[in-house]
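As stored in input-v5.pdb (PDB, C-alpha atoms, pLDDT in the B column):
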```
MODEL        1
ATOM      1  CA  MET H   1       0.000   0.000   0.000  1.00 57.00           C
ATOM      2  CA  THR H   2       1.391   3.397  -0.955  1.00 63.00           C
ATOM      3  CA  ALA H   3       2.018   6.184   1.550  1.00 54.00           C
ATOM      4  CA  ALA H   4      -0.819   8.220   0.039  1.00 47.00           C
ATOM      5  CA  ARG H   5      -3.268   5.361   0.555  1.00 54.00           C
ATOM      6  CA  LEU H   6      -2.085   4.872   4.128  1.00 44.00           C
ATOM      7  CA  ILE H   7      -2.666   8.555   4.844  1.00 41.00           C
ATOM      8  CA  LEU H   8      -6.104   8.442   3.232  1.00 41.00           C
ATOM      9  CA  LYS H   9      -7.050   5.328   5.185  1.00 48.00           C
ATOM     10  CA  ALA H  10      -5.917   6.908   8.449  1.00 43.00           C
ATOM     11  CA  ALA H  11      -7.854  10.080   7.681  1.00 40.00           C
ATOM     12  CA  LEU H  12     -11.030   8.143   6.896  1.00 44.00           C
ATOM     13  CA  THR H  13     -10.632   6.118  10.078  1.00 48.00           C
ATOM     14  CA  ALA H  14     -10.222   9.256  12.191  1.00 42.00           C
ATOM     15  CA  LEU H  15     -13.018  11.203  10.491  1.00 36.00           C
ATOM     16  CA  PRO H  16     -15.935   9.856  12.589  1.00 43.00           C
ATOM     17  CA  THR H  17     -14.030  10.667  15.783  1.00 41.00           C
ATOM     18  CA  LEU H  18     -13.238  14.177  14.579  1.00 35.00           C
ATOM     19  CA  LEU H  19     -16.845  14.815  13.551  1.00 37.00           C
ATOM     20  CA  THR H  20     -18.092  13.553  16.905  1.00 43.00           C
ATOM     21  CA  ALA H  21     -15.673  15.816  18.762  1.00 41.00           C
ATOM     22  CA  HIS H  22     -16.733  18.794  16.634  1.00 41.00           C
ATOM     23  CA  ALA H  23     -20.440  18.241  17.255  1.00 45.00           C
ATOM     24  CA  ALA H  24     -20.259  17.071  20.881  1.00 42.00           C
ATOM     25  CA  PRO H  25     -21.009  20.512  22.406  1.00 47.00           C
ATOM     26  CA  ALA H  26     -24.350  20.511  20.552  1.00 47.00           C
ATOM     27  CA  VAL H  27     -25.669  18.428  23.445  1.00 46.00           C
ATOM     28  CA  SER H  28     -25.973  21.725  25.336  1.00 51.00           C
ATOM     29  CA  THR H  29     -28.905  22.557  23.041  1.00 52.00           C
ATOM     30  CA  PHE H  30     -31.028  20.224  25.183  1.00 48.00           C
ATOM     31  CA  GLY H  31     -32.426  22.720  27.674  1.00 57.00           C
ATOM     32  CA  PRO H  32     -33.147  20.508  30.718  1.00 67.00           C
ATOM     33  CA  LEU H  33     -29.643  19.022  30.624  1.00 60.00           C
ATOM     34  CA  ARG H  34     -28.002  22.406  30.062  1.00 57.00           C
ATOM     35  CA  ASN H  35     -29.945  24.093  32.844  1.00 65.00           C
ATOM     36  CA  ARG H  36     -28.947  21.399  35.345  1.00 68.00           C
ATOM     37  CA  ALA H  37     -25.363  20.681  34.336  1.00 67.00           C
ATOM     38  CA  MET H  38     -24.163  23.889  32.622  1.00 72.00           C
ATOM     39  CA  PRO H  39     -25.365  26.889  34.658  1.00 77.00           C
ATOM     40  CA  ARG H  40     -22.785  29.292  33.226  1.00 83.00           C
ATOM     41  CA  LEU H  41     -23.652  28.449  29.627  1.00 89.00           C
ATOM     42  CA  SER H  42     -27.364  28.644  30.489  1.00 87.00           C
ATOM     43  CA  GLY H  43     -26.978  32.183  31.766  1.00 92.00           C
ATOM     44  CA  ARG H  44     -27.759  31.328  35.369  1.00 95.00           C
ATOM     45  CA  GLY H  45     -27.303  34.378  37.604  1.00 96.00           C
ATOM     46  CA  ARG H  46     -28.134  35.672  41.064  1.00 96.00           C
ATOM     47  CA  PRO H  47     -31.389  34.319  42.505  1.00 96.00           C
ATOM     48  CA  ASN H  48     -33.315  37.597  42.636  1.00 97.00           C
ATOM     49  CA  HIS H  49     -32.486  38.636  39.080  1.00 98.00           C
ATOM     50  CA  ILE H  50     -33.778  37.743  35.605  1.00 98.00           C
ATOM     51  CA  ALA H  51     -31.713  38.482  32.490  1.00 98.00           C
ATOM     52  CA  LEU H  52     -33.853  39.598  29.551  1.00 98.00           C
ATOM     53  CA  THR H  53     -32.327  38.891  26.138  1.00 98.00           C
ATOM     54  CA  PHE H  54     -33.358  39.344  22.523  1.00 98.00           C
ATOM     55  CA  ASP H  55     -32.012  37.649  19.376  1.00 97.00           C
ATOM     56  CA  ASP H  56     -31.897  38.250  15.614  1.00 96.00           C
ATOM     57  CA  GLY H  57     -32.008  42.059  15.497  1.00 95.00           C
ATOM     58  CA  PRO H  58     -31.690  44.825  14.834  1.00 98.00           C
ATOM     59  CA  ASP H  59     -34.780  45.334  12.708  1.00 97.00           C
ATOM     60  CA  PRO H  60     -35.771  48.915  11.859  1.00 98.00           C
ATOM     61  CA  LEU H  61     -39.452  47.920  11.828  1.00 97.00           C
ATOM     62  CA  SER H  62     -39.721  46.055  15.132  1.00 98.00           C
ATOM     63  CA  THR H  63     -36.712  46.787  17.349  1.00 98.00           C
ATOM     64  CA  PRO H  64     -37.677  50.445  18.030  1.00 98.00           C
ATOM     65  CA  LEU H  65     -41.011  49.228  19.440  1.00 98.00           C
ATOM     66  CA  PHE H  66     -39.189  46.982  21.905  1.00 98.00           C
ATOM     67  CA  LEU H  67     -36.850  49.834  22.834  1.00 98.00           C
ATOM     68  CA  ARG H  68     -39.810  52.131  23.476  1.00 98.00           C
ATOM     69  CA  LEU H  69     -41.554  49.594  25.702  1.00 98.00           C
ATOM     70  CA  LEU H  70     -38.376  48.874  27.657  1.00 98.00           C
ATOM     71  CA  ALA H  71     -37.793  52.598  28.136  1.00 98.00           C
ATOM     72  CA  GLU H  72     -41.322  53.034  29.460  1.00 98.00           C
ATOM     73  CA  ARG H  73     -40.721  50.224  31.969  1.00 98.00           C
ATOM     74  CA  HIS H  74     -37.212  51.461  32.842  1.00 98.00           C
ATOM     75  CA  ILE H  75     -35.732  48.083  31.882  1.00 98.00           C
ATOM     76  CA  ARG H  76     -32.395  47.447  30.229  1.00 98.00           C
ATOM     77  CA  ALA H  77     -31.796  44.198  28.349  1.00 98.00           C
ATOM     78  CA  THR H  78     -29.180  42.346  26.311  1.00 98.00           C
ATOM     79  CA  PHE H  79     -29.524  42.257  22.515  1.00 98.00           C
ATOM     80  CA  PHE H  80     -27.675  39.562  20.549  1.00 98.00           C
ATOM     81  CA  LEU H  81     -27.315  41.111  17.107  1.00 98.00           C
ATOM     82  CA  LEU H  82     -26.670  39.524  13.745  1.00 97.00           C
ATOM     83  CA  GLY H  83     -23.671  41.208  12.159  1.00 97.00           C
ATOM     84  CA  ARG H  84     -25.276  41.602   8.755  1.00 97.00           C
ATOM     85  CA  GLU H  85     -28.372  43.252  10.243  1.00 97.00           C
ATOM     86  CA  ALA H  86     -26.201  45.528  12.378  1.00 98.00           C
ATOM     87  CA  GLN H  87     -24.303  46.615   9.280  1.00 98.00           C
ATOM     88  CA  ARG H  88     -27.609  47.441   7.572  1.00 97.00           C
ATOM     89  CA  SER H  89     -28.906  49.545  10.502  1.00 98.00           C
ATOM     90  CA  PRO H  90     -25.920  51.134  12.267  1.00 98.00           C
ATOM     91  CA  GLY H  91     -27.988  54.020  13.603  1.00 98.00           C
ATOM     92  CA  LEU H  92     -30.334  51.587  15.309  1.00 98.00           C
ATOM     93  CA  VAL H  93     -27.389  49.730  16.842  1.00 98.00           C
ATOM     94  CA  ARG H  94     -26.138  53.015  18.298  1.00 98.00           C
ATOM     95  CA  GLU H  95     -29.644  53.716  19.607  1.00 98.00           C
ATOM     96  CA  ILE H  96     -29.684  50.377  21.411  1.00 98.00           C
ATOM     97  CA  ALA H  97     -26.326  51.122  23.002  1.00 98.00           C
ATOM     98  CA  ALA H  98     -27.249  54.714  23.882  1.00 98.00           C
ATOM     99  CA  ALA H  99     -30.307  53.465  25.783  1.00 98.00           C
ATOM    100  CA  GLY H 100     -28.013  51.495  28.088  1.00 98.00           C
ATOM    101  CA  HIS H 101     -28.756  48.066  26.672  1.00 98.00           C
ATOM    102  CA  GLU H 102     -26.010  45.486  26.377  1.00 98.00           C
ATOM    103  CA  ILE H 103     -25.013  44.206  22.942  1.00 98.00           C
ATOM    104  CA  GLY H 104     -23.735  40.719  22.206  1.00 98.00           C
ATOM    105  CA  VAL H 105     -23.198  38.980  18.885  1.00 97.00           C
ATOM    106  CA  HIS H 106     -25.334  36.281  17.302  1.00 96.00           C
ATOM    107  CA  GLY H 107     -22.938  35.599  14.440  1.00 95.00           C
ATOM    108  CA  TRP H 108     -22.793  37.295  11.070  1.00 95.00           C
ATOM    109  CA  LEU H 109     -25.500  35.166   9.466  1.00 89.00           C
ATOM    110  CA  HIS H 110     -28.021  32.918  11.156  1.00 88.00           C
ATOM    111  CA  ARG H 111     -26.336  29.678  10.073  1.00 86.00           C
ATOM    112  CA  PRO H 112     -25.854  26.532  12.200  1.00 86.00           C
ATOM    113  CA  LEU H 113     -22.233  26.630  13.337  1.00 83.00           C
ATOM    114  CA  VAL H 114     -22.128  22.868  13.828  1.00 82.00           C
ATOM    115  CA  LEU H 115     -22.188  22.604  10.015  1.00 82.00           C
ATOM    116  CA  ARG H 116     -19.224  24.957   9.604  1.00 82.00           C
ATOM    117  CA  GLY H 117     -15.532  24.331  10.020  1.00 90.00           C
ATOM    118  CA  PRO H 118     -13.117  26.120  12.369  1.00 92.00           C
ATOM    119  CA  ARG H 119     -11.971  28.733   9.874  1.00 94.00           C
ATOM    120  CA  ALA H 120     -15.484  29.685   8.727  1.00 93.00           C
ATOM    121  CA  THR H 121     -16.733  29.750  12.323  1.00 94.00           C
ATOM    122  CA  TYR H 122     -13.951  32.069  13.444  1.00 95.00           C
ATOM    123  CA  ALA H 123     -14.472  34.372  10.464  1.00 95.00           C
ATOM    124  CA  ASP H 124     -18.228  34.558  11.115  1.00 95.00           C
ATOM    125  CA  LEU H 125     -17.857  35.479  14.790  1.00 95.00           C
ATOM    126  CA  ALA H 126     -14.962  37.874  14.209  1.00 97.00           C
ATOM    127  CA  ARG H 127     -16.801  39.748  11.471  1.00 97.00           C
ATOM    128  CA  ALA H 128     -19.887  40.172  13.643  1.00 97.00           C
ATOM    129  CA  ARG H 129     -17.872  41.243  16.690  1.00 97.00           C
ATOM    130  CA  ASP H 130     -15.790  43.750  14.756  1.00 98.00           C
ATOM    131  CA  THR H 131     -18.806  45.218  12.960  1.00 98.00           C
ATOM    132  CA  VAL H 132     -20.593  45.913  16.254  1.00 98.00           C
ATOM    133  CA  ALA H 133     -17.377  47.292  17.761  1.00 98.00           C
ATOM    134  CA  ASP H 134     -16.876  49.657  14.810  1.00 98.00           C
ATOM    135  CA  ILE H 135     -20.446  50.946  15.129  1.00 98.00           C
ATOM    136  CA  THR H 136     -20.616  51.380  18.903  1.00 98.00           C
ATOM    137  CA  GLY H 137     -16.980  51.899  19.852  1.00 97.00           C
ATOM    138  CA  LEU H 138     -17.298  49.023  22.333  1.00 96.00           C
ATOM    139  CA  ARG H 139     -16.145  45.473  21.673  1.00 97.00           C
ATOM    140  CA  PRO H 140     -18.843  42.906  22.543  1.00 97.00           C
ATOM    141  CA  THR H 141     -17.954  40.245  25.099  1.00 97.00           C
ATOM    142  CA  LEU H 142     -21.002  37.975  24.811  1.00 98.00           C
ATOM    143  CA  PHE H 143     -21.929  35.501  22.098  1.00 96.00           C
ATOM    144  CA  ARG H 144     -25.014  33.386  21.428  1.00 96.00           C
ATOM    145  CA  PRO H 145     -24.858  30.865  18.576  1.00 94.00           C
ATOM    146  CA  PRO H 146     -27.678  30.652  16.032  1.00 92.00           C
ATOM    147  CA  TYR H 147     -30.287  28.115  17.138  1.00 91.00           C
ATOM    148  CA  GLY H 148     -28.378  27.819  20.413  1.00 92.00           C
ATOM    149  CA  VAL H 149     -26.192  25.094  18.905  1.00 89.00           C
ATOM    150  CA  MET H 150     -22.534  25.159  19.924  1.00 90.00           C
ATOM    151  CA  SER H 151     -19.640  23.260  18.375  1.00 89.00           C
ATOM    152  CA  THR H 152     -16.061  22.719  19.403  1.00 90.00           C
ATOM    153  CA  ALA H 153     -14.998  25.211  16.736  1.00 92.00           C
ATOM    154  CA  ALA H 154     -17.460  27.763  18.123  1.00 92.00           C
ATOM    155  CA  HIS H 155     -16.090  27.358  21.657  1.00 93.00           C
ATOM    156  CA  LEU H 156     -12.525  27.753  20.435  1.00 94.00           C
ATOM    157  CA  ALA H 157     -13.329  30.746  18.225  1.00 95.00           C
ATOM    158  CA  ALA H 158     -15.250  32.461  21.018  1.00 95.00           C
ATOM    159  CA  HIS H 159     -12.323  31.973  23.382  1.00 95.00           C
ATOM    160  CA  ARG H 160      -9.852  33.429  20.876  1.00 96.00           C
ATOM    161  CA  LEU H 161     -12.117  36.424  20.287  1.00 97.00           C
ATOM    162  CA  GLY H 162     -12.786  37.146  23.961  1.00 97.00           C
ATOM    163  CA  LEU H 163     -16.447  36.159  23.692  1.00 97.00           C
ATOM    164  CA  THR H 164     -18.366  34.293  26.391  1.00 96.00           C
ATOM    165  CA  PRO H 165     -21.110  31.975  25.066  1.00 95.00           C
ATOM    166  CA  VAL H 166     -24.465  32.405  26.827  1.00 96.00           C
ATOM    167  CA  LEU H 167     -27.667  30.543  25.996  1.00 95.00           C
ATOM    168  CA  TRP H 168     -30.854  30.725  28.106  1.00 96.00           C
ATOM    169  CA  THR H 169     -32.958  28.956  30.732  1.00 95.00           C
ATOM    170  CA  CYS H 170     -36.390  29.729  29.241  1.00 95.00           C
ATOM    171  CA  TRP H 171     -37.804  30.936  25.951  1.00 95.00           C
ATOM    172  CA  GLY H 172     -41.141  31.957  24.535  1.00 95.00           C
ATOM    173  CA  GLU H 173     -41.256  29.928  21.293  1.00 96.00           C
ATOM    174  CA  ASP H 174     -42.146  33.283  19.792  1.00 97.00           C
ATOM    175  CA  TRP H 175     -40.736  32.533  16.353  1.00 95.00           C
ATOM    176  CA  THR H 176     -43.665  30.443  15.120  1.00 95.00           C
ATOM    177  CA  ALA H 177     -46.697  31.594  13.174  1.00 95.00           C
ATOM    178  CA  ARG H 178     -49.014  30.124  15.816  1.00 96.00           C
ATOM    179  CA  ALA H 179     -47.455  32.061  18.712  1.00 97.00           C
ATOM    180  CA  THR H 180     -49.598  34.608  20.545  1.00 98.00           C
ATOM    181  CA  PRO H 181     -48.753  37.019  23.374  1.00 98.00           C
ATOM    182  CA  GLU H 182     -50.567  34.691  25.746  1.00 98.00           C
ATOM    183  CA  SER H 183     -48.730  31.572  24.564  1.00 98.00           C
ATOM    184  CA  VAL H 184     -45.356  33.322  24.746  1.00 98.00           C
ATOM    185  CA  HIS H 185     -46.061  34.554  28.278  1.00 98.00           C
ATOM    186  CA  ARG H 186     -47.238  31.111  29.359  1.00 98.00           C
ATOM    187  CA  THR H 187     -44.223  29.333  27.856  1.00 97.00           C
ATOM    188  CA  VAL H 188     -41.697  31.744  29.356  1.00 97.00           C
ATOM    189  CA  THR H 189     -43.168  31.803  32.839  1.00 96.00           C
ATOM    190  CA  SER H 190     -43.664  28.029  33.049  1.00 94.00           C
ATOM    191  CA  ASP H 191     -39.874  27.642  33.252  1.00 92.00           C
ATOM    192  CA  LEU H 192     -39.059  30.978  34.873  1.00 95.00           C
ATOM    193  CA  ASP H 193     -37.221  30.998  38.178  1.00 94.00           C
ATOM    194  CA  GLY H 194     -34.807  33.285  39.959  1.00 95.00           C
ATOM    195  CA  GLY H 195     -31.454  33.614  38.227  1.00 97.00           C
ATOM    196  CA  GLY H 196     -32.884  32.628  34.861  1.00 96.00           C
ATOM    197  CA  THR H 197     -32.273  34.077  31.409  1.00 97.00           C
ATOM    198  CA  ILE H 198     -35.199  34.730  29.047  1.00 98.00           C
ATOM    199  CA  LEU H 199     -34.872  34.433  25.275  1.00 98.00           C
ATOM    200  CA  LEU H 200     -37.201  36.434  23.023  1.00 98.00           C
ATOM    201  CA  HIS H 201     -36.836  37.753  19.469  1.00 98.00           C
ATOM    202  CA  ASP H 202     -37.132  41.394  18.415  1.00 98.00           C
ATOM    203  CA  SER H 203     -36.964  40.519  14.716  1.00 97.00           C
ATOM    204  CA  ASP H 204     -38.608  38.048  12.353  1.00 95.00           C
ATOM    205  CA  CYS H 205     -35.680  37.804   9.927  1.00 92.00           C
ATOM    206  CA  THR H 206     -35.366  34.083  10.748  1.00 91.00           C
ATOM    207  CA  SER H 207     -38.907  33.569  12.097  1.00 93.00           C
ATOM    208  CA  ALA H 208     -42.443  33.483  10.754  1.00 95.00           C
ATOM    209  CA  PRO H 209     -43.385  36.859   9.249  1.00 96.00           C
ATOM    210  CA  GLY H 210     -44.596  39.207  11.967  1.00 96.00           C
ATOM    211  CA  ALA H 211     -43.749  36.723  14.726  1.00 96.00           C
ATOM    212  CA  TRP H 212     -42.083  39.493  16.734  1.00 97.00           C
ATOM    213  CA  ARG H 213     -45.541  40.893  17.489  1.00 98.00           C
ATOM    214  CA  SER H 214     -46.246  37.979  19.814  1.00 98.00           C
ATOM    215  CA  ALA H 215     -43.053  38.686  21.749  1.00 98.00           C
ATOM    216  CA  LEU H 216     -43.820  42.389  21.937  1.00 98.00           C
ATOM    217  CA  GLY H 217     -47.342  41.699  23.169  1.00 98.00           C
ATOM    218  CA  ALA H 218     -46.086  39.223  25.764  1.00 98.00           C
ATOM    219  CA  LEU H 219     -43.320  41.450  27.111  1.00 98.00           C
ATOM    220  CA  PRO H 220     -45.467  43.571  29.483  1.00 98.00           C
ATOM    221  CA  LEU H 221     -47.080  40.390  30.826  1.00 98.00           C
ATOM    222  CA  ILE H 222     -43.676  38.809  31.407  1.00 98.00           C
ATOM    223  CA  LEU H 223     -42.359  41.906  33.163  1.00 98.00           C
ATOM    224  CA  ASP H 224     -45.473  42.029  35.337  1.00 98.00           C
ATOM    225  CA  THR H 225     -44.979  38.382  36.313  1.00 98.00           C
ATOM    226  CA  CYS H 226     -41.332  39.002  37.193  1.00 97.00           C
ATOM    227  CA  GLU H 227     -42.352  41.939  39.353  1.00 97.00           C
ATOM    228  CA  GLN H 228     -45.050  39.887  41.086  1.00 97.00           C
ATOM    229  CA  ARG H 229     -42.508  37.170  41.871  1.00 97.00           C
ATOM    230  CA  GLY H 230     -40.040  39.678  43.270  1.00 97.00           C
ATOM    231  CA  TYR H 231     -37.476  39.433  40.461  1.00 98.00           C
ATOM    232  CA  GLU H 232     -35.410  42.336  39.189  1.00 98.00           C
ATOM    233  CA  VAL H 233     -35.090  42.314  35.389  1.00 98.00           C
ATOM    234  CA  GLY H 234     -32.011  43.533  33.550  1.00 98.00           C
ATOM    235  CA  ARG H 235     -29.003  42.802  31.403  1.00 98.00           C
ATOM    236  CA  LEU H 236     -26.721  39.811  31.544  1.00 98.00           C
ATOM    237  CA  HIS H 237     -24.045  42.278  32.651  1.00 96.00           C
ATOM    238  CA  ASP H 238     -26.031  42.828  35.859  1.00 96.00           C
ATOM    239  CA  HIS H 239     -26.900  39.168  36.296  1.00 95.00           C
ATOM    240  CA  GLY H 240     -23.957  38.072  38.417  1.00 84.00           C
TER     241      GLY H 240
ENDMDL
END
```
Go ahead and render the structure in this file as structure tokens.
Amino acid sequence: MTAARLILKAALTALPTLLTAHAAPAVSTFGPLRNRAMPRLSGRGRPNHIALTFDDGPDPLSTPLFLRLLAERHIRATFFLLGREAQRSPGLVREIAAAGHEIGVHGWLHRPLVLRGPRATYADLARARDTVADITGLRPTLFRPPYGVMSTAAHLAAHRLGLTPVLWTCWGEDWTARATPESVHRTVTSDLDGGGTILLHDSDCTSAPGAWRSALGALPLILDTCEQRGYEVGRLHDHG
């Protein structure tokens, strides 16, 4: 057997192991396991605080409505922005930052990172981070992967870029066409406890058209429930 064939055979033998190692962190997508075994990745914070987070923005149609509601309630949140959308609406990104909200990155495009190699993953995260930094003058330190699916390459790239991955403990399933403000509120609060992190979406760029309206309608109900339970609501930065 030639040296080339030996190398090819060795590569093919190792490939399943390499693929398994690359995809292994995707197990953190399973919420109950993540919430129990991975509190840092889940965004678990101090017991009297709830971190409020939004994904997929900014959207010039919907995001200003969320900002207005949050301002009326004197609440600051964390927005995980897509780099491409941030590039399209730099003024809106600056508005988010000027209101005191925290900005993290959600990648450049909403693509599953588990299907991308190390080089493409690093380039995606770096481009998103640098775009937000150029717009706001502040380098983001938080990262949330699209679909909440991590990979080994994503962990390594985030570490190299000074980004901390943060997922969530409860969500509203607000991206579907069947979602309503009532269903989003019910889904969020069924898993809500002190120290948790809420995931909502302020944009429908990867959701059913107009799906953000269910999140916007549910937001006052969610904030009321947090207040009734004695939870302070704020950014991940304030979460502990």
_Pick from H:Leu109, H:Ile50, H:Val93, H:Leu163, whichever lies nearest to H:Ile222 using all atoms listed in the file_ =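 Checking each of H:Leu109, H:Ile50, H:Val93, H:Leu163 against H:Ile222, counting all atoms listed in the file, the winner is H:Ile50.
With all atoms listed in the file as the atoms that count, the residue of H:Ala123, H:Ala154, H:Leu41, H:Leu65 with the shortest distance to H:Gly217 is H:Leu65.
For the set H:Ala77, H:Ala86, H:Leu61, H:Val233, the residue with the smallest atom-to-atom gap to H:Asp134 is H:Ala86, counting only C-alpha atoms.
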*For H:Leu142, which residue out of H:Leu81, H:Ala120, H:Leu70, H:Ile198 is the nearest one, using all atoms listed in the file?*
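Among the listed residues, H:Leu81 lies closest to H:Leu142.
Across H:Leu161, H:Glu232, H:Gly195, H:Ser151, the tightest approach to H:Arg139 is made by H:Leu161 when counting all atoms listed in the file.
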*asked:* Measuring between all atoms listed in the file, which one of H:Asp204, H:Asp224, H:Glu95, H:Asp124 shows the shortest distance to H:Ala177?
replied: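 Among H:Asp204, H:Asp224, H:Glu95, H:Asp124, it is H:Asp204 that comes nearest to H:Ala177.
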*asked:* Quick one: residues within 7 Å of H:Ala218, all atoms listed in the file, excluding same-chain residues fewer than 4 positions away - as a PyMOL selection string?
replied: chain H and resi 181-182+184-185+214+222
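Taking atom CA of H:Thr180 and atom CA of H:Asp202 as endpoints, the distance between them is 14.4 Å.
Atom CA of H:Thr121 sits 25.9 Å away from atom CA of H:Leu92.
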*Mind pulling up the distance from atom CA of H:Met38 to atom CA of H:Thr225?*
25.6 Å
Hey, could you make a per-residue contact list for stretch 85-186 of chain H against stretch 206-210 of chain H with 8 Å as the cut-off, showing the nearest pair of atoms and its distance in Å to one decimal, counting all atoms listed in the file, sorted by chain and number, as JSON lines?
```
{"residue": "H:His110", "atom": "CA", "partner": "H:Thr206", "partner_atom": "CA", "distance": 7.4}
{"residue": "H:Trp175", "atom": "CA", "partner": "H:Ser207", "partner_atom": "CA", "distance": 4.7}
{"residue": "H:Thr176", "atom": "CA", "partner": "H:Ala208", "partner_atom": "CA", "distance": 5.5}
{"residue": "H:Ala177", "atom": "CA", "partner": "H:Ala208", "partner_atom": "CA", "distance": 5.2}
```
*Just say which residues the PyMOL selection byres ((chain H and resi 47) around 6) picks in this file, as a PyMOL selection string.*
chain H and resi 46+48-49+194-195
8 Å per side around stretch 162-171 of chain H: axis-aligned box centre and edge lengths, as lines of an AutoDock Vina configuration file:
```
center_x = -25.3
center_y = 33.1
center_z = 27.2
size_x = 41.0
size_y = 24.2
size_z = 23.0
```
*All residues 12 Å or closer to H:Thr53, all atoms listed in the file, same chain fewer than 6 positions away omitted, as a PyMOL selection string*: chain H and resi 43+66+70+75-81+101-106+142-144+166-172+196-202+215+219+233-237+239
_Hits from the PyMOL selection byres ((chain H and resi 150) around 7), listed as a list in words_ =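 In the shown coordinates, the PyMOL selection byres ((chain H and resi 150) around 7) covers Pro25, Ala26, Leu113, Val114, Pro145, Gly148, Val149, Ser151, Thr152 and Ala154 of chain H.
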Going by the chain IDs and residue numbers used in this file, which residues fall under the PyMOL selection byres ((chain H and resi 60) around 10)? Write them as a tab-separated table (two decimals) with C-alpha atoms, in the frame of the given file.
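Output file selection.tsv follows:
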```tsv
chain	number	residue	atom	x	y	z
H	57	GLY	CA	-32.01	42.06	15.50
H	58	PRO	CA	-31.69	44.82	14.83
H	59	ASP	CA	-34.78	45.33	12.71
H	61	LEU	CA	-39.45	47.92	11.83
H	62	SER	CA	-39.72	46.06	15.13
H	63	THR	CA	-36.71	46.79	17.35
H	64	PRO	CA	-37.68	50.44	18.03
H	65	LEU	CA	-41.01	49.23	19.44
H	85	GLU	CA	-28.37	43.25	10.24
H	88	ARG	CA	-27.61	47.44	7.57
H	89	SER	CA	-28.91	49.54	10.50
H	91	GLY	CA	-27.99	54.02	13.60
H	92	LEU	CA	-30.33	51.59	15.31
H	93	VAL	CA	-27.39	49.73	16.84
H	203	SER	CA	-36.96	40.52	14.72
```
